[in-house]
Amino acid sequence: MGTEENLLFQKENGVGIVTVNRPKALNALNQEVLQGLDKLLDEIAADSSVKVVIVTGSGDKAFVAGADINEMRPLTAMEGREWGRLGQAVFAKLEKLPQPVIAAVNGFALGGGCELAMACDIRVAAENAKFGQPEVSLGIPPGFGGTQRLPRLVGKGRAKELLYTGDMIDAAEALRIGLVNKVVAAEELMAVAKTMAQKIMSRAPVAVQVCKAAVNAGLEMGLEYGISYEAEVFGLCFATLDQKEGMTAFIEKRKPAFAGK
Ligand code: CAA
């Protein structure tokens with residue numbers, strides 16, 4: 001499976017671990033990383049041996065400290081738009097990946113880094129993690145989905161405060177406002193993310209994927225249509241072996257052995 005030096009990928013017991021690996025630049029996202037991630041996501045989507053994905057950053061200081069400011073500085077307006085579209089497309093691909101994705105946020109998650117974490121399904125943060133959208137200090141708004149995903153996660157008022165002030169918040173505050181799901185000691189971060197991944201993997205895979213698709217699609221289509229979409233996919237799951245196995249195992253008072261079919 002494809003690995004670039006500044007983007008690492010390893011498989012461990014069904015968990016695919018994606019690591020942004022530019023520690024000297026606090027894992028800032030340059031074009032090479034974004035293009036590598038785009039390609040890697042296609043490979044992961046097609047790899048049925050990867051059940052859950054974890055996204056993290058190299059080292060103990062940063063998850064991702066944003067898009068690469070050196071690369072952005074000389075851009076023209078048209079190039080800026082293309083740059084934004086590239087990041088948006090890659091993060092949309094991540095958000096729609098069939099497998100569940102956990103962000104293990106091991107330090108600074110700023111700008112494009114906060115946006116990367118928000119494109120994941122679940123965020124687990126180390127106590128030393130810091131979040132923010134500091135783009136307004138650089139003369140730009142967030143460009144990889146931050147103006148859209150942040151209010152969807154934390155609400156309009158809190159999102160606007162973070163976007164307008166560019167303030168950094170710590171992990172405890174991120175937990176309080178719902179930007180992260182869980183905060184753990186830095187040395188336990190990967191273990192907690194992997195344990196969560198294993199728990200998700202022990203559930204019926206098709207049902208988990210359907211939950212992801214229904215939440216993602218439903219939030220874009222309004223309650224009435226979202227609810228009817230749910231009825232369709234709920235019904236469809238009765239055609240899976242996993243539904244037969246899950247309900248039979250319950251009745252027989254044993255653990256289910258899901259086939260993912
Ligand atoms: N792009 C490029 N390089 C970056 C970077 C970034 N986003 N963030 C950090 N680096 C580099 C620094 O330039 C520095 O490089 P040198 O050693 O060559 O000087 C190295 O990483 C270490 O950083 P610092 O010395 O600044 O470390 P610090 O501990 O003093 O500060 C920090 C840490 C507060 C995270 C600080 O690095 C910082 O503010 N970084 C920029 C954060 C930011 O503004 N992110 C948003 C970018 S814009 C964006 O992401 C747009 C979008 O939505 C798509």
# chains A, B, ... in the order shown; residues from 1 in each chain; ligands from 1
call {"tool": "residues_near_ligand", "arguments": {"ligand": "ligand 1", "cutoff": "7 Å", "atoms": "only C-alpha atoms and all ligand atoms", "output": "PyMOL selection string"}}
result
chain A and resi 24-26+28+65-70+84+87+108+110-113+133-135+138+141-144+146
call {"tool": "residues_around", "arguments": {"residues": "range 94-103 of chain A", "least_positions_apart": "5", "cutoff": "9 Å", "atoms": "only C-alpha atoms", "output": "MDAnalysis selection string"}}
result
chainID A and resid 37:38 41:42 44:45 50:56 89 116:125 193 196:197 200 205 208:210 212:213 216
call {"tool": "select_by_dssp", "arguments": {"residues": "range 44-191 of chain A", "states": "strand (DSSP E or B)", "output": "count of residues only"}}
result
32
call {"tool": "residues_around", "arguments": {"residues": "Ala185 in chain A", "least_positions_apart": "4", "cutoff": "8 Å", "atoms": "only C-alpha atoms", "output": "ChimeraX atom specification"}}
result
/A:126-127,189
call {"tool": "residues_around", "arguments": {"residues": "Tyr164 in chain A", "least_positions_apart": "2", "cutoff": "12 Å", "atoms": "only C-alpha atoms", "output": "PyMOL selection string"}}
result
chain A and resi 132-137+139-142+147+156-162+166-168
call {"tool": "write_last_selection", "arguments": {"atoms": "all heavy atoms", "output": "tab-separated table (two decimals), in the first residue's frame"}}
result
chain	number	residue	atom	x	y	z
A	132	GLY	N	-7.58	25.31	17.16
A	132	GLY	CA	-7.89	26.68	16.77
A	132	GLY	C	-7.94	26.84	15.27
A	132	GLY	O	-7.45	25.99	14.52
A	133	GLN	N	-8.57	27.94	14.88
A	133	GLN	CA	-8.60	28.32	13.47
A	133	GLN	C	-7.97	29.71	13.40
A	133	GLN	O	-8.68	30.72	13.38
A	133	GLN	CB	-10.04	28.33	12.95
A	133	GLN	CG	-10.74	26.99	12.96
A	133	GLN	CD	-10.28	25.99	11.92
A	133	GLN	OE1	-10.54	24.81	12.03
A	133	GLN	NE2	-9.56	26.41	10.90
A	134	PRO	N	-6.62	29.77	13.37
A	134	PRO	CA	-5.94	31.08	13.46
A	134	PRO	C	-5.81	31.81	12.12
A	134	PRO	O	-5.07	32.79	12.04
A	134	PRO	CB	-4.56	30.69	14.00
A	134	PRO	CG	-4.33	29.30	13.49
A	134	PRO	CD	-5.68	28.65	13.35
A	135	GLU	N	-6.53	31.37	11.10
A	135	GLU	CA	-6.33	31.92	9.75
A	135	GLU	C	-6.49	33.43	9.68
A	135	GLU	O	-5.80	34.09	8.91
A	135	GLU	CB	-7.28	31.25	8.75
A	135	GLU	CG	-6.89	29.83	8.36
A	135	GLU	CD	-7.45	28.77	9.28
A	135	GLU	OE1	-7.90	29.11	10.39
A	135	GLU	OE2	-7.43	27.60	8.88
A	136	VAL	N	-7.45	33.98	10.47
A	136	VAL	CA	-7.67	35.44	10.35
A	136	VAL	C	-6.42	36.23	10.73
A	136	VAL	O	-6.27	37.38	10.31
A	136	VAL	CB	-8.90	35.91	11.17
A	136	VAL	CG1	-10.20	35.46	10.52
A	136	VAL	CG2	-8.83	35.47	12.63
A	137	SER	N	-5.50	35.63	11.49
A	137	SER	CA	-4.23	36.30	11.80
A	137	SER	C	-3.32	36.33	10.58
A	137	SER	O	-2.34	37.08	10.55
A	137	SER	CB	-3.49	35.57	12.92
A	137	SER	OG	-4.33	35.40	14.02
A	139	GLY	N	-4.63	36.70	7.45
A	139	GLY	CA	-5.32	37.42	6.38
A	139	GLY	C	-6.22	36.58	5.52
A	139	GLY	O	-6.60	37.00	4.41
A	140	ILE	N	-6.55	35.40	5.98
A	140	ILE	CA	-7.44	34.51	5.21
A	140	ILE	C	-8.47	33.87	6.16
A	140	ILE	O	-8.25	33.84	7.36
A	140	ILE	CB	-6.66	33.39	4.48
A	140	ILE	CG1	-5.76	32.61	5.48
A	140	ILE	CG2	-5.85	33.93	3.31
A	140	ILE	CD1	-5.12	31.36	4.91
A	141	PRO	N	-9.56	33.36	5.61
A	141	PRO	CA	-10.45	32.52	6.43
A	141	PRO	C	-9.96	31.07	6.33
A	141	PRO	O	-9.13	30.77	5.48
A	141	PRO	CB	-11.80	32.66	5.73
A	141	PRO	CG	-11.43	32.85	4.28
A	141	PRO	CD	-10.10	33.58	4.25
A	142	PRO	N	-10.47	30.16	7.15
A	142	PRO	CA	-10.15	28.75	6.95
A	142	PRO	C	-10.59	28.34	5.54
A	142	PRO	O	-11.60	28.82	5.04
A	142	PRO	CB	-11.01	28.03	8.01
A	142	PRO	CG	-11.25	29.05	9.06
A	142	PRO	CD	-11.36	30.35	8.33
A	147	THR	N	-15.00	26.72	8.07
A	147	THR	CA	-16.17	27.58	8.31
A	147	THR	C	-17.47	26.78	8.27
A	147	THR	O	-18.51	27.24	8.73
A	147	THR	CB	-16.28	28.72	7.26
A	147	THR	OG1	-16.45	28.13	5.96
A	147	THR	CG2	-15.03	29.61	7.25
A	156	LYS	N	-23.14	27.58	16.08
A	156	LYS	CA	-22.81	28.79	15.32
A	156	LYS	C	-22.04	29.83	16.16
A	156	LYS	O	-21.03	30.37	15.72
A	156	LYS	CB	-24.15	29.39	14.88
A	156	LYS	CG	-24.15	30.27	13.70
A	156	LYS	CD	-25.63	30.48	13.33
A	156	LYS	CE	-25.85	31.63	12.42
A	156	LYS	NZ	-27.29	31.82	12.14
A	157	GLY	N	-22.54	30.08	17.38
A	157	GLY	CA	-21.93	31.14	18.20
A	157	GLY	C	-20.50	30.81	18.60
A	157	GLY	O	-19.60	31.65	18.48
A	158	ARG	N	-20.29	29.59	19.08
A	158	ARG	CA	-18.93	29.20	19.50
A	158	ARG	C	-18.01	29.15	18.29
A	158	ARG	O	-16.84	29.54	18.38
A	158	ARG	CB	-18.97	27.84	20.18
A	158	ARG	CG	-19.58	27.91	21.56
A	158	ARG	CD	-19.37	26.60	22.30
A	158	ARG	NE	-19.83	26.75	23.66
A	158	ARG	CZ	-20.84	26.06	24.19
A	158	ARG	NH1	-21.49	25.18	23.46
A	158	ARG	NH2	-21.19	26.25	25.44
A	159	ALA	N	-18.51	28.67	17.17
A	159	ALA	CA	-17.68	28.60	15.96
A	159	ALA	C	-17.27	30.00	15.54
A	159	ALA	O	-16.10	30.26	15.24
A	159	ALA	CB	-18.45	27.91	14.83
A	160	LYS	N	-18.22	30.94	15.56
A	160	LYS	CA	-17.89	32.30	15.12
A	160	LYS	C	-16.86	32.94	16.04
A	160	LYS	O	-15.94	33.63	15.59
A	160	LYS	CB	-19.16	33.15	15.04
A	160	LYS	CG	-19.99	32.80	13.80
A	160	LYS	CD	-21.24	33.63	13.72
A	160	LYS	CE	-21.95	33.42	12.38
A	160	LYS	NZ	-23.28	34.07	12.35
A	161	GLU	N	-16.98	32.68	17.34
A	161	GLU	CA	-15.98	33.24	18.27
A	161	GLU	C	-14.59	32.71	17.92
A	161	GLU	O	-13.63	33.48	17.82
A	161	GLU	CB	-16.35	32.88	19.71
A	161	GLU	CG	-15.38	33.46	20.73
A	161	GLU	CD	-15.70	33.05	22.16
A	161	GLU	OE1	-16.82	32.55	22.41
A	161	GLU	OE2	-14.81	33.21	23.03
A	162	LEU	N	-14.48	31.38	17.71
A	162	LEU	CA	-13.17	30.80	17.39
A	162	LEU	C	-12.66	31.32	16.04
A	162	LEU	O	-11.47	31.60	15.88
A	162	LEU	CB	-13.26	29.26	17.35
A	162	LEU	CG	-13.37	28.59	18.73
A	162	LEU	CD1	-13.74	27.11	18.58
A	162	LEU	CD2	-12.06	28.71	19.50
A	166	GLY	N	-9.53	33.81	16.30
A	166	GLY	CA	-8.35	33.00	16.01
A	166	GLY	C	-7.76	32.39	17.28
A	166	GLY	O	-6.64	31.87	17.24
A	167	ASP	N	-8.49	32.43	18.38
A	167	ASP	CA	-7.98	31.92	19.66
A	167	ASP	C	-7.71	30.42	19.62
A	167	ASP	O	-8.43	29.67	18.97
A	167	ASP	CB	-9.00	32.16	20.79
A	167	ASP	CG	-8.92	33.56	21.34
A	167	ASP	OD1	-7.96	34.29	21.00
A	167	ASP	OD2	-9.82	33.94	22.12
A	168	MET	N	-6.68	30.04	20.37
A	168	MET	CA	-6.40	28.62	20.57
A	168	MET	C	-7.10	28.18	21.84
A	168	MET	O	-7.10	28.91	22.83
A	168	MET	CB	-4.89	28.46	20.80
A	168	MET	CG	-4.18	27.80	19.68
A	168	MET	SD	-2.54	27.30	20.23
A	168	MET	CE	-1.52	28.52	19.46
call {"tool": "closest_residue", "arguments": {"among": "A:Glu230, A:Met201, A:Ala257, A:Val90", "to": "Ala214 in chain A", "atoms": "only C-alpha atoms"}}
result
A:Glu230
call {"tool": "closest_residue", "arguments": {"among": "A:Ile169, A:Leu153, A:Glu82, A:Pro23", "to": "Asn181 in chain A", "atoms": "only C-alpha atoms"}}
result
A:Leu153
call {"tool": "select_by_dssp", "arguments": {"residues": "range 10-201 of chain A", "states": "alpha helix (DSSP H)", "output": "number ranges by chain"}}
result
A: 31-45, 69-72, 77-95, 112-119, 146-154, 156-165, 171-176, 189-201
call {"tool": "atom_distance", "arguments": {"atom1": "CA of Asp170 in chain A", "atom2": "CA of Phe131 in chain A"}}
result
6.4 Å
call {"tool": "closest_residue", "arguments": {"among": "A:Pro74, A:Gly145, A:Gly155, A:Gly246", "to": "Phe258 in chain A", "atoms": "only C-alpha atoms"}}
result
A:Gly246
call {"tool": "atom_distance", "arguments": {"atom1": "CA of Leu236 in chain A", "atom2": "CA of Glu252 in chain A"}}
result
23.7 Å
call {"tool": "residues_around", "arguments": {"residues": "Glu5 in chain A", "least_positions_apart": "3", "cutoff": "10 Å", "atoms": "only C-alpha atoms", "output": "MDAnalysis selection string"}}
result
chainID A and resid 8:9 20:22 33 36
call {"tool": "write_last_selection", "arguments": {"atoms": "C-alpha atoms", "output": "compact mmCIF listing (two decimals), in the first residue's frame"}}
result
# COMPACT_ATOMS: atom_id res chain seq x y z
CA LEU A 8 3.10 7.06 6.79
CA PHE A 9 0.64 4.19 6.71
CA VAL A 20 1.31 12.94 8.83
CA ASN A 21 5.08 12.93 9.09
CA ARG A 22 6.67 16.37 8.77
CA VAL A 33 1.00 15.50 1.74
CA GLY A 36 -0.41 11.57 -0.98
call {"tool": "closest_residue", "arguments": {"among": "A:Cys237, A:Leu7, A:Val192, A:Ala207", "to": "Asn27 in chain A", "atoms": "only C-alpha atoms"}}
result
A:Leu7
